[in-house]
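Structure file work39.cif (mmCIF, C-alpha atoms) follows.
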```cif
data_target
#
loop_
_atom_site.label_atom_id
_atom_site.label_comp_id
_atom_site.auth_asym_id
_atom_site.auth_seq_id
_atom_site.Cartn_x
_atom_site.Cartn_y
_atom_site.Cartn_z
CA MET A 1 136.88 -104.81 120.36
CA SER A 2 136.20 -101.09 120.19
CA THR A 3 136.37 -99.62 116.72
CA GLU A 4 137.69 -96.15 117.44
CA THR A 5 140.84 -94.98 119.18
CA THR A 6 140.81 -91.46 120.60
CA LEU A 7 143.81 -89.17 120.10
CA ILE A 8 144.88 -87.81 123.49
CA GLU A 9 147.81 -85.78 124.79
CA PRO A 10 150.90 -87.55 126.12
CA PHE A 11 151.36 -87.39 129.87
CA SER A 12 153.67 -88.63 132.56
CA VAL A 13 153.20 -89.75 136.15
CA SER A 14 155.69 -90.46 138.93
CA ILE A 15 156.08 -93.79 140.63
CA ASP A 16 157.81 -93.60 143.96
CA PHE A 17 159.89 -96.79 143.99
CA ALA A 18 160.90 -96.31 147.64
CA GLU A 19 157.29 -96.09 148.86
CA SER A 20 155.86 -98.22 146.01
CA VAL A 21 153.05 -95.79 145.26
CA MET A 22 151.93 -93.79 142.25
CA VAL A 23 152.12 -90.07 142.92
CA ASP A 24 148.93 -88.20 141.94
CA PRO A 25 146.90 -91.10 140.46
CA ASP A 26 143.42 -90.55 138.98
CA ASN A 27 142.09 -93.49 140.99
CA HIS A 28 143.30 -94.89 144.26
CA ASN A 29 141.13 -97.96 144.87
CA ILE A 30 141.16 -99.45 148.33
CA ARG A 31 139.88 -102.92 149.10
CA ARG A 32 139.39 -103.61 152.78
CA ALA A 33 139.10 -107.06 154.31
CA SER A 34 135.30 -106.91 154.20
CA THR A 35 135.30 -106.85 150.38
CA MET A 36 136.89 -110.33 150.39
CA SER A 37 133.93 -112.15 151.88
CA GLY A 38 133.61 -115.60 150.30
CA TYR A 39 137.08 -115.68 148.77
CA TYR A 40 139.00 -117.40 151.59
CA ALA A 41 138.47 -120.96 152.80
CA ASP A 42 138.06 -119.80 156.40
CA ASP A 43 135.12 -117.35 156.49
CA GLU A 44 135.20 -117.18 160.26
CA ALA A 45 138.82 -116.10 160.33
CA LEU A 46 137.98 -113.31 157.84
CA GLU A 47 135.10 -112.11 160.04
CA GLN A 48 137.41 -112.07 163.03
CA LEU A 49 140.01 -110.05 161.09
CA ILE A 50 137.33 -107.53 160.08
CA ASP A 51 135.99 -107.22 163.64
CA GLU A 52 139.27 -107.14 165.51
CA GLY A 53 141.27 -105.16 162.96
CA ASP A 54 138.59 -102.53 162.27
CA ASP A 55 138.22 -103.79 158.65
CA PRO A 56 141.87 -103.33 157.73
CA LEU A 57 143.35 -102.46 154.36
CA HIS A 58 143.76 -105.59 152.24
CA TYR A 59 145.02 -104.39 148.88
CA GLU A 60 144.97 -101.24 146.83
CA THR A 61 145.56 -100.05 143.27
CA TYR A 62 146.72 -96.74 141.80
CA GLU A 63 145.64 -95.94 138.24
CA LYS A 64 145.57 -93.20 135.64
CA HIS A 65 142.65 -92.72 133.22
CA VAL A 66 143.02 -93.42 129.53
CA PRO A 67 140.22 -94.20 127.04
CA GLU A 68 139.14 -97.83 127.40
CA GLN A 69 139.66 -98.53 123.72
CA TYR A 70 141.77 -100.72 121.46
CA GLY A 71 145.29 -99.27 121.12
CA HIS A 72 145.36 -97.59 124.53
CA LEU A 73 147.01 -99.25 127.53
CA LEU A 74 145.94 -99.17 131.13
CA PHE A 75 148.53 -99.45 133.88
CA CYS A 76 148.51 -99.53 137.65
CA ILE A 77 150.45 -100.08 140.81
CA SER A 78 148.88 -102.92 142.81
CA LYS A 79 149.88 -103.36 146.44
CA ILE A 80 148.80 -106.27 148.65
CA GLN A 81 149.33 -106.19 152.40
CA PRO A 82 151.08 -109.10 154.13
CA GLY A 83 149.07 -111.42 156.36
CA VAL A 84 146.92 -114.51 156.60
CA VAL A 85 143.20 -115.27 156.86
CA GLY A 86 143.28 -118.40 158.99
CA GLU A 87 146.19 -120.16 157.30
CA GLU A 88 145.66 -118.60 153.83
CA PHE A 89 147.94 -115.84 152.61
CA PHE A 90 146.38 -112.48 151.68
CA MET A 91 145.51 -112.34 147.98
CA THR A 92 143.55 -110.43 145.37
CA LYS A 93 140.11 -111.51 144.19
CA GLY A 94 141.50 -112.45 140.80
CA HIS A 95 139.88 -111.90 137.44
CA TYR A 96 139.60 -112.83 133.81
CA HIS A 97 139.46 -109.99 131.35
CA THR A 98 136.04 -109.25 129.84
CA ILE A 99 137.70 -109.67 126.46
CA ALA A 100 139.16 -112.97 127.59
CA HIS A 101 141.84 -113.08 124.89
CA THR A 102 143.84 -110.15 126.31
CA GLY A 103 146.94 -110.57 128.47
CA GLU A 104 148.67 -108.57 131.19
CA VAL A 105 152.25 -107.84 132.20
CA TYR A 106 153.13 -107.79 135.93
CA LEU A 107 156.48 -106.48 137.08
CA CYS A 108 157.16 -107.03 140.78
CA LEU A 109 158.66 -103.96 142.50
CA GLN A 110 158.65 -105.09 146.12
CA GLY A 111 157.91 -108.11 148.29
CA GLU A 112 157.42 -111.78 147.56
CA GLY A 113 154.50 -113.77 146.28
CA LEU A 114 152.88 -115.92 143.67
CA MET A 115 150.84 -115.23 140.57
CA LEU A 116 148.18 -117.92 140.30
CA MET A 117 146.73 -118.44 136.82
CA LYS A 118 143.96 -120.63 135.46
CA THR A 119 142.05 -121.08 132.23
CA SER A 120 138.30 -121.51 131.98
CA VAL A 121 138.82 -125.25 131.40
CA GLY A 122 140.71 -125.64 134.67
CA GLU A 123 144.39 -125.59 133.72
CA PHE A 124 146.42 -124.15 136.57
CA ARG A 125 149.89 -122.57 136.64
CA TYR A 126 151.77 -120.30 138.99
CA GLU A 127 154.85 -118.11 138.77
CA ARG A 128 156.91 -116.76 141.62
CA MET A 129 157.21 -113.01 142.17
CA ARG A 130 159.99 -111.06 143.81
CA ARG A 131 161.55 -107.68 143.11
CA GLY A 132 162.49 -107.53 139.41
CA GLN A 133 160.53 -110.62 138.43
CA LEU A 134 158.17 -110.08 135.50
CA VAL A 135 155.23 -112.41 135.02
CA TYR A 136 153.57 -112.63 131.62
CA VAL A 137 149.89 -113.49 132.05
CA PRO A 138 148.90 -114.54 128.52
CA PRO A 139 145.48 -113.97 126.98
CA TYR A 140 142.72 -116.28 128.35
CA TRP A 141 144.41 -116.84 131.75
CA ALA A 142 142.58 -115.62 134.87
CA HIS A 143 145.05 -114.35 137.46
CA ARG A 144 145.28 -113.77 141.20
CA SER A 145 148.26 -112.42 143.17
CA VAL A 146 149.17 -113.82 146.58
CA ASN A 147 151.46 -112.13 149.09
CA THR A 148 153.58 -114.83 150.76
CA GLY A 149 156.08 -112.42 152.32
CA ARG A 150 156.28 -110.16 155.34
CA GLU A 151 156.14 -106.82 153.56
CA PRO A 152 153.66 -105.48 150.98
CA LEU A 153 153.74 -107.19 147.57
CA THR A 154 153.83 -104.40 145.00
CA MET A 155 153.48 -104.85 141.26
CA PHE A 156 153.44 -102.61 138.22
CA CYS A 157 150.81 -103.88 135.77
CA VAL A 158 150.00 -103.04 132.12
CA TRP A 159 147.09 -104.38 130.04
CA PRO A 160 145.12 -103.46 126.91
CA ALA A 161 142.69 -100.66 127.77
CA ASP A 162 139.76 -102.37 126.05
CA ALA A 163 140.24 -105.62 128.04
CA GLY A 164 137.81 -104.95 130.92
CA HIS A 165 137.62 -106.94 134.16
CA ASN A 166 135.52 -110.02 134.74
CA TYR A 167 135.48 -110.72 138.50
CA GLY A 168 132.19 -112.59 138.45
CA ASP A 169 133.47 -115.87 137.03
CA ILE A 170 136.24 -116.15 139.64
CA ALA A 171 133.78 -115.27 142.44
CA THR A 172 131.85 -118.37 141.29
CA GLU A 173 134.67 -120.70 140.19
CA GLY A 174 137.46 -119.79 142.60
CA PHE A 175 140.97 -121.06 141.83
CA PRO A 176 141.97 -124.75 141.80
CA ARG A 177 144.58 -124.24 144.51
CA ARG A 178 145.11 -122.14 147.64
CA VAL A 179 148.36 -120.82 149.10
CA LEU A 180 148.75 -121.50 152.81
CA LEU A 181 151.12 -120.77 155.67
CA ARG A 182 151.41 -124.06 157.50
CA ASP A 183 154.02 -124.78 160.20
CA GLY A 184 155.81 -121.61 159.14
CA ARG A 185 156.12 -122.72 155.51
CA GLU A 186 154.35 -121.87 152.24
CA VAL A 187 152.16 -124.67 150.92
CA ILE A 188 150.36 -124.61 147.57
CA GLN A 189 147.41 -126.90 148.12
CA MET B 190 144.35 -106.04 113.59
CA SER B 191 144.99 -109.76 113.77
CA THR B 192 141.90 -111.89 114.16
CA GLU B 193 143.22 -114.76 116.24
CA THR B 194 144.93 -114.83 119.62
CA THR B 195 147.05 -117.86 120.43
CA LEU B 196 146.82 -119.53 123.82
CA ILE B 197 150.34 -119.84 125.28
CA GLU B 198 151.81 -120.86 128.62
CA PRO B 199 152.48 -118.22 131.28
CA PHE B 200 156.14 -117.43 131.86
CA SER B 201 158.33 -115.15 133.91
CA VAL B 202 161.61 -113.38 133.32
CA SER B 203 163.98 -111.57 135.66
CA ILE B 204 164.90 -107.94 135.34
CA ASP B 205 168.06 -107.01 137.17
CA PHE B 206 167.24 -103.53 138.49
CA ALA B 207 170.83 -102.96 139.68
CA GLU B 208 172.33 -103.65 136.25
CA SER B 209 169.23 -102.56 134.30
CA VAL B 210 169.23 -105.64 132.08
CA MET B 211 166.80 -108.46 131.35
CA VAL B 212 168.23 -111.82 132.37
CA ASP B 213 167.91 -114.49 129.66
CA PRO B 214 166.02 -112.49 126.99
CA ASP B 215 164.95 -114.08 123.69
CA ASN B 216 166.39 -111.10 121.80
CA HIS B 217 169.21 -108.79 122.75
CA ASN B 218 169.30 -106.19 119.96
CA ILE B 219 172.37 -104.00 119.76
CA ARG B 220 172.47 -100.80 117.78
CA ARG B 221 175.95 -99.42 117.23
CA ALA B 222 176.72 -95.85 116.23
CA SER B 223 176.96 -96.83 112.55
CA THR B 224 173.25 -97.74 112.46
CA MET B 225 172.40 -94.08 113.23
CA SER B 226 173.69 -92.65 109.97
CA GLY B 227 171.44 -89.79 108.84
CA TYR B 228 169.68 -89.31 112.17
CA TYR B 229 171.90 -86.64 113.73
CA ALA B 230 172.37 -83.11 112.46
CA ASP B 231 176.16 -83.50 112.42
CA ASP B 232 177.00 -86.42 110.11
CA GLU B 233 180.70 -85.72 110.33
CA ALA B 234 180.71 -85.98 114.11
CA LEU B 235 178.96 -89.34 113.84
CA GLU B 236 181.57 -90.61 111.36
CA GLN B 237 184.31 -89.48 113.72
CA LEU B 238 182.64 -91.29 116.63
CA ILE B 239 182.40 -94.48 114.56
CA ASP B 240 186.03 -94.27 113.43
CA GLU B 241 187.61 -93.23 116.71
CA GLY B 242 185.40 -95.25 119.01
CA ASP B 243 185.48 -98.49 116.97
CA ASP B 244 181.73 -98.18 116.22
CA PRO B 245 180.65 -98.04 119.86
CA LEU B 246 177.43 -99.33 121.40
CA HIS B 247 174.68 -96.73 121.03
CA TYR B 248 171.58 -98.36 122.43
CA GLU B 249 170.22 -101.83 123.04
CA THR B 250 166.98 -103.63 123.77
CA TYR B 251 166.15 -106.86 125.59
CA GLU B 252 162.92 -108.64 124.63
CA LYS B 253 160.98 -111.86 125.10
CA HIS B 254 158.96 -113.46 122.28
CA VAL B 255 155.18 -113.54 122.38
CA PRO B 256 152.82 -113.96 119.40
CA GLU B 257 152.46 -110.63 117.55
CA GLN B 258 148.69 -110.69 117.79
CA TYR B 259 145.87 -108.66 119.32
CA GLY B 260 145.57 -109.39 123.03
CA HIS B 261 149.25 -110.19 123.60
CA LEU B 262 151.69 -107.60 124.91
CA LEU B 263 155.30 -107.10 123.99
CA PHE B 264 157.72 -105.65 126.53
CA CYS B 265 161.37 -104.76 126.60
CA ILE B 266 164.19 -103.12 128.45
CA SER B 267 165.65 -100.30 126.36
CA LYS B 268 169.02 -98.85 127.34
CA ILE B 269 170.64 -95.82 125.69
CA GLN B 270 174.27 -94.94 126.33
CA PRO B 271 175.21 -91.41 127.43
CA GLY B 272 177.05 -89.15 125.01
CA VAL B 273 176.78 -86.59 122.24
CA VAL B 274 177.17 -86.61 118.46
CA GLY B 275 178.56 -83.13 117.89
CA GLU B 276 176.33 -81.21 120.29
CA GLU B 277 173.33 -83.58 120.02
CA PHE B 278 172.53 -86.01 122.82
CA PHE B 279 172.47 -89.75 122.03
CA MET B 280 168.96 -90.88 121.10
CA THR B 281 166.96 -93.71 119.55
CA LYS B 282 165.86 -93.67 115.91
CA GLY B 283 162.25 -93.24 116.97
CA HIS B 284 159.22 -94.86 115.40
CA TYR B 285 155.51 -94.84 114.83
CA HIS B 286 153.70 -98.12 115.26
CA THR B 287 152.66 -99.88 112.05
CA ILE B 288 149.14 -99.91 113.48
CA ALA B 289 149.46 -96.20 114.20
CA HIS B 290 146.58 -96.12 116.70
CA THR B 291 148.43 -98.17 119.36
CA GLY B 292 150.23 -96.63 122.33
CA GLU B 293 153.15 -97.56 124.55
CA VAL B 294 154.02 -97.26 128.23
CA TYR B 295 157.59 -96.30 129.20
CA LEU B 296 158.74 -96.57 132.80
CA CYS B 297 162.17 -95.09 133.44
CA LEU B 298 164.37 -97.29 135.63
CA GLN B 299 167.68 -95.42 135.47
CA GLY B 300 169.19 -92.22 134.16
CA GLU B 301 167.75 -88.99 132.82
CA GLY B 302 166.32 -88.03 129.50
CA LEU B 303 163.44 -86.88 127.37
CA MET B 304 160.73 -88.68 125.45
CA LEU B 305 160.09 -86.73 122.24
CA MET B 306 156.71 -87.32 120.62
CA LYS B 307 155.12 -86.13 117.38
CA THR B 308 152.03 -86.81 115.33
CA SER B 309 151.98 -87.26 111.57
CA VAL B 310 150.57 -83.73 111.24
CA GLY B 311 153.54 -82.22 113.08
CA GLU B 312 152.34 -81.72 116.64
CA PHE B 313 155.27 -82.02 119.03
CA ARG B 314 155.42 -82.76 122.77
CA TYR B 315 158.03 -84.00 125.18
CA GLU B 316 158.05 -85.47 128.66
CA ARG B 317 160.95 -85.68 131.04
CA MET B 318 162.25 -89.07 132.19
CA ARG B 319 164.05 -89.96 135.37
CA ARG B 320 163.96 -93.01 137.63
CA GLY B 321 160.32 -93.78 138.50
CA GLN B 322 158.85 -91.47 135.87
CA LEU B 323 156.30 -93.16 133.60
CA VAL B 324 155.56 -91.66 130.19
CA TYR B 325 152.33 -92.56 128.43
CA VAL B 326 152.86 -92.43 124.66
CA PRO B 327 149.28 -92.43 123.37
CA PRO B 328 148.15 -94.05 120.11
CA TYR B 329 149.20 -92.11 116.96
CA TRP B 330 152.29 -90.47 118.56
CA ALA B 331 155.72 -91.32 117.14
CA HIS B 332 158.32 -91.43 119.91
CA ARG B 333 162.08 -91.09 120.37
CA SER B 334 164.04 -91.31 123.64
CA VAL B 335 167.00 -89.02 124.31
CA ASN B 336 169.63 -89.58 126.99
CA THR B 337 170.51 -86.19 128.49
CA GLY B 338 172.35 -87.62 131.51
CA ARG B 339 175.76 -89.04 132.29
CA GLU B 340 174.75 -92.64 132.86
CA PRO B 341 172.70 -95.02 130.67
CA LEU B 342 169.01 -94.14 130.27
CA THR B 343 167.10 -97.35 130.90
CA MET B 344 163.38 -97.83 130.36
CA PHE B 345 160.90 -100.65 130.74
CA CYS B 346 158.43 -100.56 127.82
CA VAL B 347 155.13 -102.33 127.11
CA TRP B 348 153.05 -102.14 123.93
CA PRO B 349 150.34 -104.14 122.12
CA ALA B 350 151.97 -107.12 120.40
CA ASP B 351 150.14 -106.49 117.11
CA ALA B 352 151.36 -102.86 116.91
CA GLY B 353 154.48 -103.36 114.76
CA HIS B 354 157.24 -100.79 114.24
CA ASN B 355 157.31 -98.18 111.52
CA TYR B 356 160.82 -96.68 111.44
CA GLY B 357 160.63 -95.59 107.81
CA ASP B 358 158.47 -92.51 108.28
CA ILE B 359 160.75 -91.09 110.99
CA ALA B 360 163.84 -91.83 108.87
CA THR B 361 162.22 -89.54 106.27
CA GLU B 362 160.44 -86.96 108.46
CA GLY B 363 162.77 -86.71 111.45
CA PHE B 364 161.48 -84.93 114.56
CA PRO B 365 160.58 -81.21 114.71
CA ARG B 366 163.13 -80.53 117.44
CA ARG B 367 166.59 -81.71 118.51
CA VAL B 368 168.04 -81.96 122.02
CA LEU B 369 171.48 -80.40 122.36
CA LEU B 370 174.24 -79.96 124.92
CA ARG B 371 175.30 -76.35 124.51
CA ASP B 372 177.58 -74.53 126.96
CA GLY B 373 177.08 -77.42 129.39
CA ARG B 374 173.28 -77.09 129.33
CA GLU B 375 170.43 -79.00 127.72
CA VAL B 376 168.72 -77.09 124.91
CA ILE B 377 165.59 -78.29 123.07
CA GLN B 378 165.87 -76.61 119.71
#
```
Kindly present the structure from the file in structure tokens form.
Amino acid sequence: MSTETTLIEPFSVSIDFAESVMVDPDNHNIRRASTMSGYYADDEALEQLIDEGDDPLHYETYEKHVPEQYGHLLFCISKIQPGVVGEEFFMTKGHYHTIAHTGEVYLCLQGEGLMLMKTSVGEFRYERMRRGQLVYVPPYWAHRSVNTGREPLTMFCVWPADAGHNYGDIATEGFPRRVLLRDGREVIQ
Amino acid sequence: MSTETTLIEPFSVSIDFAESVMVDPDNHNIRRASTMSGYYADDEALEQLIDEGDDPLHYETYEKHVPEQYGHLLFCISKIQPGVVGEEFFMTKGHYHTIAHTGEVYLCLQGEGLMLMKTSVGEFRYERMRRGQLVYVPPYWAHRSVNTGREPLTMFCVWPADAGHNYGDIATEGFPRRVLLRDGREVIQ
């Protein structure tokens, strides 16, 4: 935990609910398909998507800067494109927080999907997301969002600014279950 | 700061964007006009409102329970009715956090208003709220919401669960400025 908390000026920022974007963010992070190498069961299908789709947009986040200290809060808009890699729905990499005992609030603004959650000892849960659905990801739970719909899945997220992101452990461990489109239906396998 | 963080199960809750309410909250707190005694410049007008309006609804919050510990996040829907007390727009009491160096994120879902903010040494700022506008209330800043519109002002709020509420200091200090309806126009005085 950081031991100082910087005094900063209040500010505001606009979120365009119709377009599901943050207007004038400090960071607009774009993850293309090629950044997802190793995350899907079907590597070949991912390679094909990258080659044939000219490395298409996969998901993106919009953020504002605040000091990454105890007491501050980070927030973002996270937007995942619809689609499949082989039979697996598009998803985020997923992460623990570096300070593992910090949670996150996700409020779904658009689309349909699932929030997959796991602990470091292998417990697995999921919650369904649709417009207006809020998912509470408690401290200790790694989390990954999956877009199971036909439009972008857009979420508004808030988490403690000192939490940090730990992607490395999920890159190694993966998640216990995958979300598939099989015979036109969603399957959690 | 609390020193332990309890592991709990993930959960989700629905927010009805059309009605601007949380479905199935753990707490639905209602503040009627009579709870606002001493907060408005015109005490007599408040008494009249209470008497003639049968102590009408002033503002309300919808919350879910999570442990009030470092790493958890509390969130609510806060909804302020439109109206004036004398010439002063309806507002919340306003508060610091008990752990003063903790911030809060407000995302406006409906209506129009102002977020008034002050520090303990008297600095004053405000930000305008309308649908889609997010106000970042940084650590140390006391905050009060004011409904300057003709419909309810509804906000989605997230803050660190260990922050606590300190209403007492604002009850004593008040805010440096008031927001008035004068000759049909908003005046920040």
Test item: chain A residues at most 9 Å from chain B, counting all atoms listed in the file, as a PDB file with C-alpha atoms, in the coordinates of the input:
```
ATOM      1  CA  GLU A   4     137.690 -96.150 117.440  1.00  0.00           C
ATOM      2  CA  THR A   5     140.840 -94.980 119.180  1.00  0.00           C
ATOM      3  CA  THR A   6     140.810 -91.460 120.600  1.00  0.00           C
ATOM      4  CA  LEU A   7     143.810 -89.170 120.100  1.00  0.00           C
ATOM      5  CA  ILE A   8     144.880 -87.810 123.490  1.00  0.00           C
ATOM      6  CA  GLU A   9     147.810 -85.780 124.790  1.00  0.00           C
ATOM      7  CA  PRO A  10     150.900 -87.550 126.120  1.00  0.00           C
ATOM      8  CA  PHE A  11     151.360 -87.390 129.870  1.00  0.00           C
ATOM      9  CA  SER A  12     153.670 -88.630 132.560  1.00  0.00           C
ATOM     10  CA  VAL A  13     153.200 -89.750 136.150  1.00  0.00           C
ATOM     11  CA  SER A  14     155.690 -90.460 138.930  1.00  0.00           C
ATOM     12  CA  ILE A  15     156.080 -93.790 140.630  1.00  0.00           C
ATOM     13  CA  ASP A  16     157.810 -93.600 143.960  1.00  0.00           C
ATOM     14  CA  PHE A  17     159.890 -96.790 143.990  1.00  0.00           C
ATOM     15  CA  VAL A  66     143.020 -93.420 129.530  1.00  0.00           C
ATOM     16  CA  TYR A  70     141.770-100.720 121.460  1.00  0.00           C
ATOM     17  CA  GLY A  71     145.290 -99.270 121.120  1.00  0.00           C
ATOM     18  CA  HIS A  72     145.360 -97.590 124.530  1.00  0.00           C
ATOM     19  CA  LEU A  73     147.010 -99.250 127.530  1.00  0.00           C
ATOM     20  CA  LEU A  74     145.940 -99.170 131.130  1.00  0.00           C
ATOM     21  CA  PHE A  75     148.530 -99.450 133.880  1.00  0.00           C
ATOM     22  CA  ILE A  99     137.700-109.670 126.460  1.00  0.00           C
ATOM     23  CA  ALA A 100     139.160-112.970 127.590  1.00  0.00           C
ATOM     24  CA  HIS A 101     141.840-113.080 124.890  1.00  0.00           C
ATOM     25  CA  THR A 102     143.840-110.150 126.310  1.00  0.00           C
ATOM     26  CA  GLY A 103     146.940-110.570 128.470  1.00  0.00           C
ATOM     27  CA  GLU A 104     148.670-108.570 131.190  1.00  0.00           C
ATOM     28  CA  VAL A 105     152.250-107.840 132.200  1.00  0.00           C
ATOM     29  CA  LEU A 107     156.480-106.480 137.080  1.00  0.00           C
ATOM     30  CA  MET A 117     146.730-118.440 136.820  1.00  0.00           C
ATOM     31  CA  ARG A 125     149.890-122.570 136.640  1.00  0.00           C
ATOM     32  CA  TYR A 126     151.770-120.300 138.990  1.00  0.00           C
ATOM     33  CA  GLU A 127     154.850-118.110 138.770  1.00  0.00           C
ATOM     34  CA  ARG A 128     156.910-116.760 141.620  1.00  0.00           C
ATOM     35  CA  MET A 129     157.210-113.010 142.170  1.00  0.00           C
ATOM     36  CA  ARG A 131     161.550-107.680 143.110  1.00  0.00           C
ATOM     37  CA  GLY A 132     162.490-107.530 139.410  1.00  0.00           C
ATOM     38  CA  GLN A 133     160.530-110.620 138.430  1.00  0.00           C
ATOM     39  CA  LEU A 134     158.170-110.080 135.500  1.00  0.00           C
ATOM     40  CA  VAL A 135     155.230-112.410 135.020  1.00  0.00           C
ATOM     41  CA  TYR A 136     153.570-112.630 131.620  1.00  0.00           C
ATOM     42  CA  VAL A 137     149.890-113.490 132.050  1.00  0.00           C
ATOM     43  CA  PRO A 138     148.900-114.540 128.520  1.00  0.00           C
ATOM     44  CA  PRO A 139     145.480-113.970 126.980  1.00  0.00           C
ATOM     45  CA  TYR A 140     142.720-116.280 128.350  1.00  0.00           C
ATOM     46  CA  TRP A 141     144.410-116.840 131.750  1.00  0.00           C
ATOM     47  CA  VAL A 158     150.000-103.040 132.120  1.00  0.00           C
ATOM     48  CA  TRP A 159     147.090-104.380 130.040  1.00  0.00           C
ATOM     49  CA  PRO A 160     145.120-103.460 126.910  1.00  0.00           C
ATOM     50  CA  ALA A 163     140.240-105.620 128.040  1.00  0.00           C
TER      51      ALA A 163
END
```
> Any idea what the distance is between atom CA of Val368 of chain B and atom CA of Thr250 of chain B?
Replying inline: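 Separation of atom CA of Val368 of chain B and atom CA of Thr250 of chain B: 21.8 Å.
Using the PyMOL selection byres ((chain A and resi 89) around 10) on the file at hand returns these residues: Tyr40, Gln81, Pro82, Gly83, Val84, Val85, Gly86, Glu87, Glu88, Phe90, Met91, Gly113, Val146, Asn147, Thr148, Gly149, Arg178, Val179, Leu180, Leu181, Glu186 and Val187 of chain A.
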>> Given the PyMOL selection byres ((chain B and resi 252) around 6) and the file above, list the residues it selects as an MDAnalysis selection string.
In response: chainID B and resid 214:216 251 253 265
>> Using all atoms listed in the file, can you tell me which of B:Glu301, B:Ile239, B:Ile219, B:Pro245 comes closest to Ser334 of chain B?
In response: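 Of B:Glu301, B:Ile239, B:Ile219, B:Pro245, the one nearest Ser334 of chain B is B:Glu301, counting all atoms listed in the file.
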>> For a test of reading the model, state the distance in Å between atom CA of Val21 of chain A and atom CA of Met344 of chain B, rounded to one decimal.
In response: 18.2 Å
Put a box with edges along x, y and z around all the listed atoms of segment 229-237 of chain B, pad it by 6 Å on each side, then give me its centre and sizes in Å, one decimal, as AutoDock Vina command-line options.
```
--center_x 178.1 --center_y -86.9 --center_z 112.1 --size_x 24.4 --size_y 19.5 --size_z 16.0
```
> Suppose you want the space between atom CA of Thr98 of chain A and atom CA of His58 of chain A; what is it in Å?
Replying inline: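 Interatomic distance here is 24.0 Å.
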Please complete segment 334-345 of chain B so it has N, CA and C atoms, and hand it over as a CSV table (one decimal), in the frame of the given file.
```
chain,number,residue,atom,x,y,z
B,334,SER,N,163.5,-91.6,122.3
B,334,SER,CA,164.0,-91.3,123.6
B,334,SER,C,165.4,-90.7,123.5
B,335,VAL,N,165.7,-89.7,124.3
B,335,VAL,CA,167.0,-89.0,124.3
B,335,VAL,C,167.7,-89.1,125.7
B,336,ASN,N,168.9,-89.5,125.7
B,336,ASN,CA,169.6,-89.6,127.0
B,336,ASN,C,170.4,-88.3,127.2
B,337,THR,N,169.9,-87.5,128.2
B,337,THR,CA,170.5,-86.2,128.5
B,337,THR,C,171.4,-86.3,129.7
B,338,GLY,N,171.6,-87.5,130.3
B,338,GLY,CA,172.4,-87.6,131.5
B,338,GLY,C,173.7,-88.2,131.3
B,339,ARG,N,174.4,-88.5,132.4
B,339,ARG,CA,175.8,-89.0,132.3
B,339,ARG,C,175.9,-90.5,132.5
B,340,GLU,N,174.8,-91.2,132.8
B,340,GLU,CA,174.8,-92.6,132.9
B,340,GLU,C,173.8,-93.2,131.8
B,341,PRO,N,173.7,-94.5,131.6
B,341,PRO,CA,172.7,-95.0,130.7
B,341,PRO,C,171.3,-94.6,131.1
B,342,LEU,N,170.4,-94.4,130.1
B,342,LEU,CA,169.0,-94.1,130.3
B,342,LEU,C,168.3,-95.5,130.0
B,343,THR,N,167.7,-96.0,131.0
B,343,THR,CA,167.1,-97.4,130.9
B,343,THR,C,165.6,-97.3,131.2
B,344,MET,N,164.8,-97.9,130.3
B,344,MET,CA,163.4,-97.8,130.4
B,344,MET,C,162.8,-99.2,130.2
B,345,PHE,N,161.7,-99.4,130.9
B,345,PHE,CA,160.9,-100.6,130.7
B,345,PHE,C,159.7,-100.2,129.9
```
